[in-house]
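Asks: Quick one: structure below, then a few questions.
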Amino acid sequence: MPHYYFDSSALVKNYVLETGTNWVREICTDSNHTVYTIRMSGAEIVAAFALRARTNSIEVADGQRAIQQFKTDFQTSFQIVEVTESLVNLAMTLIEQYGLRGYDGVQLAGAVSLHKVRESLALLPLTFVCADNRLNEAAFAEGLL
């Protein structure tokens, strides 16, 4: 069973039409796949939809529907990686090493931490899904698919 870690830039594609939406929806709706994200993705994704609605990038009603559907899925469909002190310490190291933005560093730290746990248990590798090239390059450098 494939396991994916979605950062917020990729997970948002499950709710609004963008490049990659069909592929993301296939993964998120396939019960044979496990999708992980970090707890703070909740705030990031709701903020993204609210901003798009405020700036007329999407209709207000569509933004509200996306927020409600996301909140439901966040509670029921995704495996949540919690933000801990050790995860934030790892994020700070990754931010310095790769020149990442703050939340990108936390996203990567969540994926790297989960990847290491899975690796230690000899489980299938974790696939990192993200729409940001710099973050993808850092993830690859950290051994993520």
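Letters A, B, ... go to the chains of the structure tokens in the order shown; residues in each chain start at 1; ligands are counted from 1 in the same order.
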With DSSP run on the backbone, what are the alpha helix (DSSP H) residues within range 16-122 of chain A? I'd like them as number ranges by chain.
Replies: A: 21-29, 41-54, 60-76, 85-98, 102-120
Asks: Name all residues at most 12 Å from Thr34 in chain A (count only C-alpha atoms; drop same-chain ones fewer than 6 positions away) and give them as a count of residues only.
Replies: 18
Asks: Among the residues of chain A, find those DSSP assigns to strand (DSSP E or B) from the backbone and print them as a PyMOL selection string.
Replies: chain A and resi 3-6+34-38+79-81+126-129
Asks: Check which residues of range 61-120 of chain A sit at most 9 Å from range 36-53 of chain A using only C-alpha atoms, and return one row each with the closest pair of atoms and their distance in Å to one decimal, ordered by chain and rising number, as a Markdown table.
Replies:
```
| residue | atom | partner | partner_atom | distance |
| --- | --- | --- | --- | --- |
| A:Ala61 | CA | A:Ala53 | CA | 8.1 |
| A:Asp62 | CA | A:Ala53 | CA | 7.8 |
| A:Gly63 | CA | A:Phe49 | CA | 5.3 |
| A:Gln64 | CA | A:Phe49 | CA | 7.8 |
| A:Ala66 | CA | A:Phe49 | CA | 7.1 |
| A:Ile67 | CA | A:Val46 | CA | 5.8 |
| A:Phe70 | CA | A:Val46 | CA | 7.9 |
| A:Lys71 | CA | A:Gly42 | CA | 7.5 |
| A:Phe74 | CA | A:Gly42 | CA | 7.1 |
| A:Phe78 | CA | A:Tyr36 | CA | 5.6 |
| A:Gln79 | CA | A:Tyr36 | CA | 4.5 |
| A:Ile80 | CA | A:Thr37 | CA | 5.3 |
| A:Val81 | CA | A:Ile38 | CA | 4.4 |
| A:Glu82 | CA | A:Arg39 | CA | 5.5 |
| A:Val83 | CA | A:Arg39 | CA | 6.7 |
| A:Tyr103 | CA | A:Met40 | CA | 8.4 |
| A:Val106 | CA | A:Ile38 | CA | 8.3 |
| A:Gln107 | CA | A:Ile38 | CA | 6.5 |
| A:Gly110 | CA | A:Ile38 | CA | 6.3 |
| A:Ala111 | CA | A:Thr37 | CA | 8.0 |
```
Asks: Write out, as a PDB file, in the first residue's frame, the residues just selected, with N, CA, C and O atoms.
Replies:
```pdb
ATOM      1  N   ALA A  61     -18.321  31.222  -2.395  1.00  0.00           N
ATOM      2  CA  ALA A  61     -19.031  29.977  -2.065  1.00  0.00           C
ATOM      3  C   ALA A  61     -18.142  28.756  -2.304  1.00  0.00           C
ATOM      4  O   ALA A  61     -18.163  27.799  -1.526  1.00  0.00           O
ATOM      5  N   ASP A  62     -17.348  28.788  -3.376  1.00  0.00           N
ATOM      6  CA  ASP A  62     -16.434  27.680  -3.655  1.00  0.00           C
ATOM      7  C   ASP A  62     -15.359  27.589  -2.573  1.00  0.00           C
ATOM      8  O   ASP A  62     -14.971  26.496  -2.157  1.00  0.00           O
ATOM      9  N   GLY A  63     -14.874  28.729  -2.133  1.00  0.00           N
ATOM     10  CA  GLY A  63     -13.891  28.754  -1.056  1.00  0.00           C
ATOM     11  C   GLY A  63     -14.455  28.178   0.231  1.00  0.00           C
ATOM     12  O   GLY A  63     -13.787  27.394   0.913  1.00  0.00           O
ATOM     13  N   GLN A  64     -15.692  28.541   0.551  1.00  0.00           N
ATOM     14  CA  GLN A  64     -16.326  28.020   1.767  1.00  0.00           C
ATOM     15  C   GLN A  64     -16.541  26.509   1.664  1.00  0.00           C
ATOM     16  O   GLN A  64     -16.318  25.778   2.633  1.00  0.00           O
ATOM     17  N   ALA A  66     -14.775  24.437  -0.169  1.00  0.00           N
ATOM     18  CA  ALA A  66     -13.452  23.808  -0.091  1.00  0.00           C
ATOM     19  C   ALA A  66     -12.982  23.732   1.365  1.00  0.00           C
ATOM     20  O   ALA A  66     -12.453  22.695   1.795  1.00  0.00           O
ATOM     21  N   ILE A  67     -13.187  24.812   2.114  1.00  0.00           N
ATOM     22  CA  ILE A  67     -12.791  24.822   3.524  1.00  0.00           C
ATOM     23  C   ILE A  67     -13.546  23.743   4.301  1.00  0.00           C
ATOM     24  O   ILE A  67     -12.948  22.987   5.069  1.00  0.00           O
ATOM     25  N   PHE A  70     -12.363  20.274   3.235  1.00  0.00           N
ATOM     26  CA  PHE A  70     -11.023  20.036   3.765  1.00  0.00           C
ATOM     27  C   PHE A  70     -11.077  19.735   5.261  1.00  0.00           C
ATOM     28  O   PHE A  70     -10.422  18.804   5.736  1.00  0.00           O
ATOM     29  N   LYS A  71     -11.827  20.522   6.023  1.00  0.00           N
ATOM     30  CA  LYS A  71     -11.905  20.294   7.466  1.00  0.00           C
ATOM     31  C   LYS A  71     -12.420  18.881   7.776  1.00  0.00           C
ATOM     32  O   LYS A  71     -11.912  18.216   8.687  1.00  0.00           O
ATOM     33  N   PHE A  74      -9.630  16.484   6.853  1.00  0.00           N
ATOM     34  CA  PHE A  74      -8.520  16.633   7.783  1.00  0.00           C
ATOM     35  C   PHE A  74      -8.775  15.805   9.042  1.00  0.00           C
ATOM     36  O   PHE A  74      -7.844  15.243   9.622  1.00  0.00           O
ATOM     37  N   PHE A  78      -6.919  11.869   6.522  1.00  0.00           N
ATOM     38  CA  PHE A  78      -5.468  11.982   6.491  1.00  0.00           C
ATOM     39  C   PHE A  78      -4.861  11.532   7.815  1.00  0.00           C
ATOM     40  O   PHE A  78      -5.464  11.696   8.870  1.00  0.00           O
ATOM     41  N   GLN A  79      -3.655  11.003   7.724  1.00  0.00           N
ATOM     42  CA  GLN A  79      -2.873  10.687   8.909  1.00  0.00           C
ATOM     43  C   GLN A  79      -2.088  11.952   9.259  1.00  0.00           C
ATOM     44  O   GLN A  79      -1.400  12.512   8.397  1.00  0.00           O
ATOM     45  N   ILE A  80      -2.199  12.400  10.478  1.00  0.00           N
ATOM     46  CA  ILE A  80      -1.620  13.682  10.873  1.00  0.00           C
ATOM     47  C   ILE A  80      -0.306  13.474  11.635  1.00  0.00           C
ATOM     48  O   ILE A  80      -0.250  12.716  12.604  1.00  0.00           O
ATOM     49  N   VAL A  81       0.721  14.177  11.174  1.00  0.00           N
ATOM     50  CA  VAL A  81       2.005  14.206  11.857  1.00  0.00           C
ATOM     51  C   VAL A  81       1.965  15.403  12.815  1.00  0.00           C
ATOM     52  O   VAL A  81       1.675  16.525  12.393  1.00  0.00           O
ATOM     53  N   GLU A  82       2.230  15.146  14.082  1.00  0.00           N
ATOM     54  CA  GLU A  82       2.166  16.203  15.086  1.00  0.00           C
ATOM     55  C   GLU A  82       3.468  17.008  15.122  1.00  0.00           C
ATOM     56  O   GLU A  82       4.549  16.473  14.872  1.00  0.00           O
ATOM     57  N   VAL A  83       3.348  18.269  15.448  1.00  0.00           N
ATOM     58  CA  VAL A  83       4.506  19.148  15.596  1.00  0.00           C
ATOM     59  C   VAL A  83       5.009  19.018  17.032  1.00  0.00           C
ATOM     60  O   VAL A  83       4.276  19.287  17.979  1.00  0.00           O
ATOM     61  N   TYR A 103       7.605  27.520   7.293  1.00  0.00           N
ATOM     62  CA  TYR A 103       6.644  26.419   7.213  1.00  0.00           C
ATOM     63  C   TYR A 103       7.118  25.317   6.279  1.00  0.00           C
ATOM     64  O   TYR A 103       6.829  24.140   6.496  1.00  0.00           O
ATOM     65  N   VAL A 106       9.223  23.093   8.343  1.00  0.00           N
ATOM     66  CA  VAL A 106       8.422  22.244   9.224  1.00  0.00           C
ATOM     67  C   VAL A 106       7.780  21.107   8.419  1.00  0.00           C
ATOM     68  O   VAL A 106       7.744  19.950   8.866  1.00  0.00           O
ATOM     69  N   GLN A 107       7.294  21.428   7.225  1.00  0.00           N
ATOM     70  CA  GLN A 107       6.725  20.376   6.366  1.00  0.00           C
ATOM     71  C   GLN A 107       7.778  19.300   6.079  1.00  0.00           C
ATOM     72  O   GLN A 107       7.516  18.099   6.202  1.00  0.00           O
ATOM     73  N   GLY A 110       8.559  17.145   9.064  1.00  0.00           N
ATOM     74  CA  GLY A 110       7.519  16.141   9.284  1.00  0.00           C
ATOM     75  C   GLY A 110       7.704  14.931   8.393  1.00  0.00           C
ATOM     76  O   GLY A 110       7.618  13.781   8.839  1.00  0.00           O
ATOM     77  N   ALA A 111       7.983  15.189   7.132  1.00  0.00           N
ATOM     78  CA  ALA A 111       8.169  14.089   6.178  1.00  0.00           C
ATOM     79  C   ALA A 111       9.438  13.300   6.482  1.00  0.00           C
ATOM     80  O   ALA A 111       9.432  12.057   6.447  1.00  0.00           O
TER      81      ALA A 111
END
```
Asks: Counting only C-alpha atoms, which of A:Ala138, A:Val117, A:Val129, A:Leu87 gets nearest to Gly99 in chain A?
Replies: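 Looking only at the distances to Gly99 in chain A, the closest residue turns out to be A:Ala138.
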Asks: Quick one: distance from CA of Leu17 in chain A to CA of Glu59 in chain A in Å, one decimal?
Replies: 12.4 Å
Asks: My list of candidates is A:Ser31, A:Ser120, A:Thr93, A:Asn14. Which is closest to Gln69 in chain A when distances are computed with only C-alpha atoms?
Replies: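 Closest candidate: A:Asn14.
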Asks: In terms of the shortest atom-to-atom distance over only C-alpha atoms, which of A:Phe140, A:His115, A:Leu11, A:Gly20 is closest to Val35 in chain A?
Replies: A:Leu11
Asks: Using only C-alpha atoms, can you tell me which of A:Cys130, A:Ile95, A:Ala141, A:Leu135 comes closest to Val12 in chain A?
Replies: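 The shortest atom-to-atom distance to Val12 in chain A comes from A:Cys130.
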